[in-house]
Amino acid sequence: MFDVSKYCESVPLEHRKSFGQFFTHPRVADFMISWVLESGLKDLYDPAYGLGAFNPKNKSIKFRASEIDPVILEHSNLHAGEDDFSVRLENYLTIWGIKHGNIVCNPPYMRFQKFLDRSSVSALFQEKLHIRLSGYTNTASAFLIKSLAELDEGGRLAYIMPLEFLNTGYGALVKKLLLKSQHLVAVVNLECEKDIFPDATTSVGIVLYDSAKHYDKVNFYSIRNIGDLSNFHSLQPTSSIPVKELDPSSKWLPYLQADKVTFDTSRMVPLVNYGRFSRGIATGANEFFVLTPSKVKSLGLLQKEYLCCISRSSQISRPVFSKSDIESLINTDAPVFLFTTNGAISEPAKRYIQEGEACGYHERFLTKNRNPWYKTEVRRPAPLLLGVFSRGGYKIILNRSDVLNLTCYHGFQPNLFGQNYVEHLFLYFLSEAGKEIVSLSIRKYGDSLDKFEPNDLNSAMVPSQDFFNSLSHKMMKRGIQEVEEKGILPAEIERVFEQLKSQPGATPDRGPLGRSG
């Protein structure tokens with residue numbers, strides 16, 4: 001049995017992170033091995049060996065594996081000299097031309113940009129598979145794409161995956177390849193991910209793929225107890241979706257939700273019809289750029305050299321943020337000023353820039369690619385703000401101040417058409433029905449953590465103009481007033497938005513799950 005705790009104690013966290021190492025729970029490994037060997041083929045390949053979790057107990061199985069990290073191989077339970085066992089020190093993404101009977105893998109978890117030999121790997125995917133990998137593709141997805149191309153006819157594949165690919169733009173290619181030839185059997189969401197991967201920061205699941213058979217439907221499972229894997233064949237799927245109804249460019253995470261909401265598509269449109277969310281200002285060095293009022297005063301900066309900003313999510317505690325709220329933050333000496341330069345630079349600002357360079361802020365990842373390094377992004381105050389991360393529902397803010405937002409919030413800028421519907425959108429986002437529908441577009445991370453990306457939000461479904469126009473001016477005014485005073489939406493407006501949801505007994509409409517940006 002491989003000893004994960006001993007390895008983690010002896011190998012620094014930074015090393016493990018640099019190779020994207022998260023270790024497979026023995027019961028998950030046993031399930032995956034057992035499932036793929038049901039193909040009847042007596043060989044097994046693991047593209048990311050690690051500590052050998054997928055080393056089969058049955059020694060009649062010919063086992064082969066690849067591993068890029070020499071350090072972890074020193075700690076692995078290798079059986080050197082056995083004819084049926086072979087682990088090679090190599091980068092799987094650069095080794096091509098080999099077919100495998102069965103494949104089982106827990107691939108590295110990290111952004112593809114951080115993987116070794118990224119440029120040469122991308123070139124190989126283009127050359128061998130005629131596939132251009134998106135810059136947002138994570139390493140696990142690259143592993144899966146390559147393994148799908150190398151699986152023998154008659155073989156099976158089981159892959160542990162971060163499930164964010166089900167809802168992202170780069171995931172469209174992965175889903176397209178999984179659906180090709182109708183070999184995708186199931187996607188299994190491990191809701192007990194903290195028991196399985198305590199250090200993981202994303203939702204985790206298993207992709208099951210069988211190249212020997214064609215499947216008319218894909219089953220989606222949500223496993224709450226790791227013991228359920230031992231009874232997998234008797235489990236009822238959360239949903240079973242015909243392959244012809246699965247659109248690779250749509251979001252698939254809702255298929256894993258037992259009580260997923262459906263809604264009336266005839267009364268809804270994508271949010272992009274009204275405008276767009278974009279990320280907040282990224283400074284690259286908040287320690288330098290974000291200042292308190294007292295710091296601004298001590299530096300002697302001119303008024304044109306700093307702007308009001310929201311630098312932390314916690315600085316906004318109520319759904320409506322007003323000018324008096326920012327004044328309160330200023331009075332408590334909160335970090336709400338953004339150092340910015342426009343035109344001539346005063347002597348105090350020059351001295352502060354020099355201080356920043358002495359501290360090395362100009363050499364940070366973002367700052368060193370700006371010219372000059374201390375020039376921040378130009379943005380307009382956004383009338384709607386939405387928190388980037390959340391647990392138990394997102395945070396939507398009606399911004400009635402003239403403050404900018406940093407990356408703790410995404411900011412919504414309406415187009416000419418949407419300028420008349422900002423408050424309508426705010427009330428919709430705040431409603432229970434709105435939260436359920438918009439949440440279909442989110443990315444699920446570990447420990448019930450949700451993340452909202454601008455492109456996901458822009459494709460989220462919101463009421464049409466005709467539906468919004470059904471809210472009278474009097475109702476709107478009363479709704480905003482009650483939110484300001486009590487922080488909650490009036491029941492009458494909740495009932496209006498509840499009408500958007502499909503009625504019990506209605507045929508679920510699987511189309512409006514939202515398209516990836």
# chains A, B, ... in the order shown; residues from 1 in each chain; ligands from 1
>>> select_by_dssp(residues="region 348-409 of chain A", states="alpha helix (DSSP H)", output="MDAnalysis selection string")
chainID A and resid 348:358
>>> residues_around(residues="Val104 (chain A)", least_positions_apart="5", cutoff="6 Å", atoms="only C-alpha atoms", output="list in words")
Asp46, Leu157, Ala158 and Tyr159 of chain A
>>> residues_around(residues="region 349-359 of chain A", least_positions_apart="4", cutoff="7 Å", atoms="only C-alpha atoms", output="list in words")
Phe288, Leu301 and Ile345 of chain A
>>> atom_distance(atom1="CA of Ile493 (chain A)", atom2="CA of Pro270 (chain A)")
20.8 Å
>>> residues_around(residues="region 51-66 of chain A", least_positions_apart="3", cutoff="7 Å", atoms="only C-alpha atoms", output="NGL selection string")
:A and (2 or 24 or 26 or 29 or 33 or 42-48 or 72-73 or 75-77 or 84-90 or 92)
>>> write_last_selection(atoms="N, CA, C and O atoms", output="compact mmCIF listing (two decimals), in the first residue's frame")
# COMPACT_ATOMS: atom_id res chain seq x y z
N PHE A 2 0.60 2.20 -0.87
CA PHE A 2 1.39 3.41 -0.94
C PHE A 2 1.07 4.30 0.25
O PHE A 2 -0.05 4.33 0.75
N THR A 24 -5.10 9.65 -5.08
CA THR A 24 -6.35 8.91 -5.23
C THR A 24 -6.68 8.08 -4.00
O THR A 24 -5.84 7.32 -3.51
N PRO A 26 -7.93 5.03 -1.98
CA PRO A 26 -7.88 3.61 -2.37
C PRO A 26 -9.22 3.05 -2.85
O PRO A 26 -9.26 2.25 -3.79
N ALA A 29 -9.82 4.26 -6.34
CA ALA A 29 -8.92 3.55 -7.25
C ALA A 29 -9.43 2.13 -7.52
O ALA A 29 -9.44 1.67 -8.67
N ILE A 33 -10.40 0.73 -11.25
CA ILE A 33 -9.71 -0.44 -11.81
C ILE A 33 -10.72 -1.53 -12.14
O ILE A 33 -10.69 -2.12 -13.23
N LYS A 42 -6.75 -7.69 -20.53
CA LYS A 42 -5.90 -7.96 -19.38
C LYS A 42 -4.71 -7.01 -19.27
O LYS A 42 -3.67 -7.36 -18.70
N ASP A 43 -4.86 -5.81 -19.80
CA ASP A 43 -3.78 -4.85 -19.59
C ASP A 43 -4.35 -3.51 -19.13
O ASP A 43 -5.50 -3.18 -19.41
N LEU A 44 -3.51 -2.77 -18.40
CA LEU A 44 -3.93 -1.52 -17.77
C LEU A 44 -2.80 -0.52 -17.86
O LEU A 44 -1.64 -0.86 -17.59
N TYR A 45 -3.15 0.71 -18.23
CA TYR A 45 -2.13 1.76 -18.36
C TYR A 45 -2.55 2.99 -17.55
O TYR A 45 -3.71 3.40 -17.58
N ASP A 46 -1.59 3.55 -16.81
CA ASP A 46 -1.80 4.77 -16.03
C ASP A 46 -0.83 5.85 -16.51
O ASP A 46 0.38 5.71 -16.33
N PRO A 47 -1.32 6.92 -17.12
CA PRO A 47 -0.45 7.97 -17.66
C PRO A 47 0.20 8.86 -16.60
O PRO A 47 1.11 9.63 -16.92
N ALA A 48 -0.25 8.77 -15.33
CA ALA A 48 0.30 9.62 -14.27
C ALA A 48 0.42 8.77 -13.01
O ALA A 48 -0.40 8.86 -12.09
N ILE A 72 8.72 11.62 -6.92
CA ILE A 72 7.63 10.76 -6.44
C ILE A 72 7.89 9.29 -6.76
O ILE A 72 7.47 8.41 -6.01
N LEU A 73 8.61 9.04 -7.84
CA LEU A 73 8.92 7.65 -8.17
C LEU A 73 9.82 7.01 -7.11
O LEU A 73 9.75 5.81 -6.86
N HIS A 75 9.48 7.40 -4.05
CA HIS A 75 8.63 7.04 -2.92
C HIS A 75 7.57 6.01 -3.29
O HIS A 75 6.80 5.57 -2.44
N SER A 76 7.49 5.64 -4.58
CA SER A 76 6.42 4.75 -5.04
C SER A 76 6.73 3.30 -4.73
O SER A 76 7.87 2.89 -4.56
N ASN A 77 5.68 2.50 -4.68
CA ASN A 77 5.81 1.08 -4.40
C ASN A 77 6.06 0.31 -5.69
O ASN A 77 5.18 -0.37 -6.17
N ASP A 84 5.49 -8.24 -15.93
CA ASP A 84 4.19 -7.65 -16.25
C ASP A 84 4.06 -6.23 -15.70
O ASP A 84 2.97 -5.69 -15.63
N PHE A 85 5.16 -5.64 -15.28
CA PHE A 85 5.09 -4.33 -14.63
C PHE A 85 6.16 -3.42 -15.19
O PHE A 85 7.33 -3.77 -15.27
N SER A 86 5.75 -2.21 -15.60
CA SER A 86 6.72 -1.27 -16.16
C SER A 86 6.27 0.16 -15.91
O SER A 86 5.16 0.53 -16.30
N VAL A 87 7.09 0.95 -15.25
CA VAL A 87 6.84 2.37 -15.05
C VAL A 87 8.01 3.14 -15.65
O VAL A 87 9.17 2.89 -15.31
N ARG A 88 7.68 4.05 -16.54
CA ARG A 88 8.73 4.80 -17.22
C ARG A 88 8.70 6.25 -16.75
O ARG A 88 7.63 6.86 -16.58
N LEU A 89 9.89 6.83 -16.54
CA LEU A 89 10.03 8.23 -16.20
C LEU A 89 9.95 9.03 -17.50
O LEU A 89 10.91 9.07 -18.28
N GLU A 90 8.80 9.68 -17.74
CA GLU A 90 8.59 10.39 -19.00
C GLU A 90 7.39 11.33 -18.87
O GLU A 90 6.55 11.17 -17.98
N TYR A 92 4.06 12.16 -20.22
CA TYR A 92 3.04 11.49 -21.02
C TYR A 92 2.60 12.32 -22.21
O TYR A 92 2.35 11.79 -23.30
>>> atom_distance(atom1="CA of Glu498 (chain A)", atom2="CA of Leu430 (chain A)")
12.1 Å
>>> atom_distance(atom1="CA of Phe365 (chain A)", atom2="CA of Ala282 (chain A)")
11.2 Å
>>> residues_around(residues="Phe452 (chain A)", least_positions_apart="4", cutoff="8 Å", atoms="only C-alpha atoms", output="PyMOL selection string")
chain A and resi 387-389+441-443+456-457
>>> closest_residue(among="A:Thr94, A:Ser439, A:Ser346, A:Ser249", to="Phe143 (chain A)", atoms="only C-alpha atoms")
A:Thr94
>>> closest_residue(among="A:Phe426, A:Tyr374, A:Phe417, A:Phe23", to="Tyr361 (chain A)", atoms="only C-alpha atoms")
A:Tyr374
>>> residues_around(residues="Glu38 (chain A)", least_positions_apart="4", cutoff="10 Å", atoms="only C-alpha atoms", output="PDB file with N, CA and C atoms, in the first residue's frame")
ATOM      1  N   ILE A  33     -10.400   0.735 -11.254  1.00  0.00           N
ATOM      2  CA  ILE A  33      -9.707  -0.439 -11.808  1.00  0.00           C
ATOM      3  C   ILE A  33     -10.717  -1.535 -12.144  1.00  0.00           C
ATOM      4  N   SER A  34     -11.603  -1.796 -11.193  1.00  0.00           N
ATOM      5  CA  SER A  34     -12.600  -2.850 -11.397  1.00  0.00           C
ATOM      6  C   SER A  34     -13.478  -2.549 -12.604  1.00  0.00           C
ATOM      7  N   LYS A  42      -6.747  -7.687 -20.530  1.00  0.00           N
ATOM      8  CA  LYS A  42      -5.898  -7.955 -19.380  1.00  0.00           C
ATOM      9  C   LYS A  42      -4.707  -7.011 -19.269  1.00  0.00           C
ATOM     10  N   ASN A 102      -6.718  -0.690 -21.674  1.00  0.00           N
ATOM     11  CA  ASN A 102      -7.531   0.035 -20.693  1.00  0.00           C
ATOM     12  C   ASN A 102      -6.688   1.157 -20.108  1.00  0.00           C
ATOM     13  N   GLY A 155     -11.459  -1.356 -25.381  1.00  0.00           N
ATOM     14  CA  GLY A 155     -10.944  -0.988 -24.070  1.00  0.00           C
ATOM     15  C   GLY A 155     -11.836   0.004 -23.344  1.00  0.00           C
ATOM     16  N   ARG A 156     -11.542   0.204 -22.067  1.00  0.00           N
ATOM     17  CA  ARG A 156     -12.285   1.156 -21.248  1.00  0.00           C
ATOM     18  C   ARG A 156     -11.341   2.194 -20.644  1.00  0.00           C
ATOM     19  N   ASP A 210     -16.304   3.770 -22.639  1.00  0.00           N
ATOM     20  CA  ASP A 210     -16.200   2.378 -23.094  1.00  0.00           C
ATOM     21  C   ASP A 210     -16.156   2.348 -24.617  1.00  0.00           C
TER      22      ASP A 210
END
>>> select_by_dssp(residues="region 22-271 of chain A", states="strand (DSSP E or B)", output="PyMOL selection string")
chain A and resi 43-46+62-67+85-89+100+103-105+111+138+151+156-162+184-190+204-210+217-223+239-242+250+263+268-270
>>> write_last_selection(atoms="C-alpha atoms", output="PDB file, in the first residue's frame")
ATOM      1  CA  ASP A  43      -3.775  -4.850 -19.591  1.00  0.00           C
ATOM      2  CA  LEU A  44      -3.933  -1.520 -17.773  1.00  0.00           C
ATOM      3  CA  TYR A  45      -2.131   1.760 -18.359  1.00  0.00           C
ATOM      4  CA  ASP A  46      -1.799   4.767 -16.029  1.00  0.00           C
ATOM      5  CA  LYS A  62      -0.134  -6.394 -17.496  1.00  0.00           C
ATOM      6  CA  PHE A  63       0.371  -2.976 -15.960  1.00  0.00           C
ATOM      7  CA  ARG A  64       2.280  -0.076 -17.489  1.00  0.00           C
ATOM      8  CA  ALA A  65       2.570   3.530 -16.406  1.00  0.00           C
ATOM      9  CA  SER A  66       4.252   6.873 -17.053  1.00  0.00           C
ATOM     10  CA  GLU A  67       5.394   9.439 -14.504  1.00  0.00           C
ATOM     11  CA  PHE A  85       5.087  -4.332 -14.634  1.00  0.00           C
ATOM     12  CA  SER A  86       6.720  -1.275 -16.163  1.00  0.00           C
ATOM     13  CA  VAL A  87       6.842   2.370 -15.049  1.00  0.00           C
ATOM     14  CA  ARG A  88       8.725   4.803 -17.223  1.00  0.00           C
ATOM     15  CA  LEU A  89      10.028   8.234 -16.202  1.00  0.00           C
ATOM     16  CA  HIS A 100      -3.532   1.054 -24.653  1.00  0.00           C
ATOM     17  CA  ILE A 103      -6.603   3.416 -19.250  1.00  0.00           C
ATOM     18  CA  VAL A 104      -7.101   4.606 -15.692  1.00  0.00           C
ATOM     19  CA  CYS A 105      -5.764   7.928 -14.460  1.00  0.00           C
ATOM     20  CA  ARG A 111      -3.552  25.163 -15.338  1.00  0.00           C
ATOM     21  CA  ASN A 138      -6.155  22.597 -17.741  1.00  0.00           C
ATOM     22  CA  LEU A 151      -7.593   3.883 -26.233  1.00  0.00           C
ATOM     23  CA  ARG A 156     -12.285   1.156 -21.248  1.00  0.00           C
ATOM     24  CA  LEU A 157     -11.159   4.420 -19.704  1.00  0.00           C
ATOM     25  CA  ALA A 158     -11.778   5.861 -16.231  1.00  0.00           C
ATOM     26  CA  TYR A 159     -10.462   9.338 -15.472  1.00  0.00           C
ATOM     27  CA  ILE A 160     -10.644  11.452 -12.334  1.00  0.00           C
ATOM     28  CA  MET A 161     -11.364  15.004 -13.474  1.00  0.00           C
ATOM     29  CA  PRO A 162     -11.980  18.479 -12.070  1.00  0.00           C
ATOM     30  CA  LEU A 184     -19.309   7.991 -23.118  1.00  0.00           C
ATOM     31  CA  VAL A 185     -20.974   5.921 -20.390  1.00  0.00           C
ATOM     32  CA  ALA A 186     -21.217   8.219 -17.394  1.00  0.00           C
ATOM     33  CA  VAL A 187     -19.996  11.237 -15.475  1.00  0.00           C
ATOM     34  CA  VAL A 188     -19.820  10.652 -11.728  1.00  0.00           C
ATOM     35  CA  ASN A 189     -19.756  13.638  -9.391  1.00  0.00           C
ATOM     36  CA  LEU A 190     -18.007  12.835  -6.103  1.00  0.00           C
ATOM     37  CA  VAL A 204     -14.087  16.296  -8.563  1.00  0.00           C
ATOM     38  CA  GLY A 205     -15.635  13.473 -10.571  1.00  0.00           C
ATOM     39  CA  ILE A 206     -14.952  10.396 -12.666  1.00  0.00           C
ATOM     40  CA  VAL A 207     -15.446  10.079 -16.422  1.00  0.00           C
ATOM     41  CA  LEU A 208     -16.296   6.541 -17.576  1.00  0.00           C
ATOM     42  CA  TYR A 209     -15.778   5.693 -21.259  1.00  0.00           C
ATOM     43  CA  ASP A 210     -16.200   2.378 -23.094  1.00  0.00           C
ATOM     44  CA  LYS A 217     -27.728   7.916 -23.277  1.00  0.00           C
ATOM     45  CA  VAL A 218     -25.165   9.316 -20.870  1.00  0.00           C
ATOM     46  CA  ASN A 219     -25.797   8.780 -17.168  1.00  0.00           C
ATOM     47  CA  PHE A 220     -24.933  11.487 -14.646  1.00  0.00           C
ATOM     48  CA  TYR A 221     -24.421  10.415 -11.019  1.00  0.00           C
ATOM     49  CA  SER A 222     -23.857  12.338  -7.795  1.00  0.00           C
ATOM     50  CA  ILE A 223     -22.169  10.205  -5.129  1.00  0.00           C
ATOM     51  CA  SER A 239     -30.209  12.142 -14.788  1.00  0.00           C
ATOM     52  CA  SER A 240     -29.953  10.110 -17.959  1.00  0.00           C
ATOM     53  CA  ILE A 241     -29.653  12.303 -21.048  1.00  0.00           C
ATOM     54  CA  PRO A 242     -29.958  11.106 -24.668  1.00  0.00           C
ATOM     55  CA  SER A 250     -23.837  23.881 -23.329  1.00  0.00           C
ATOM     56  CA  PHE A 263     -37.626  27.444 -16.923  1.00  0.00           C
ATOM     57  CA  MET A 268     -35.930  34.572 -21.321  1.00  0.00           C
ATOM     58  CA  VAL A 269     -32.811  35.773 -23.157  1.00  0.00           C
ATOM     59  CA  PRO A 270     -29.047  35.648 -22.485  1.00  0.00           C
TER      60      PRO A 270
END
>>> closest_residue(among="A:Arg495, A:Lys175, A:Arg27, A:His410", to="Tyr428 (chain A)", atoms="only C-alpha atoms")
A:Arg495
>>> closest_residue(among="A:Glu127, A:Asp117, A:Asp264, A:Asp152", to="Ile437 (chain A)", atoms="only C-alpha atoms")
A:Asp264
>>> closest_residue(among="A:Asp247, A:Asp69, A:Asp402, A:Glu494", to="Pro383 (chain A)", atoms="only C-alpha atoms")
A:Asp402
>>> residues_around(residues="Met476 (chain A)", least_positions_apart="4", cutoff="9 Å", atoms="only C-alpha atoms", output="number ranges by chain")
A: 423-424, 427, 471-472, 480-481, 493
>>> closest_residue(among="A:Ser10, A:Asn405, A:Thr137, A:Ser266", to="Leu173 (chain A)", atoms="only C-alpha atoms")
A:Thr137
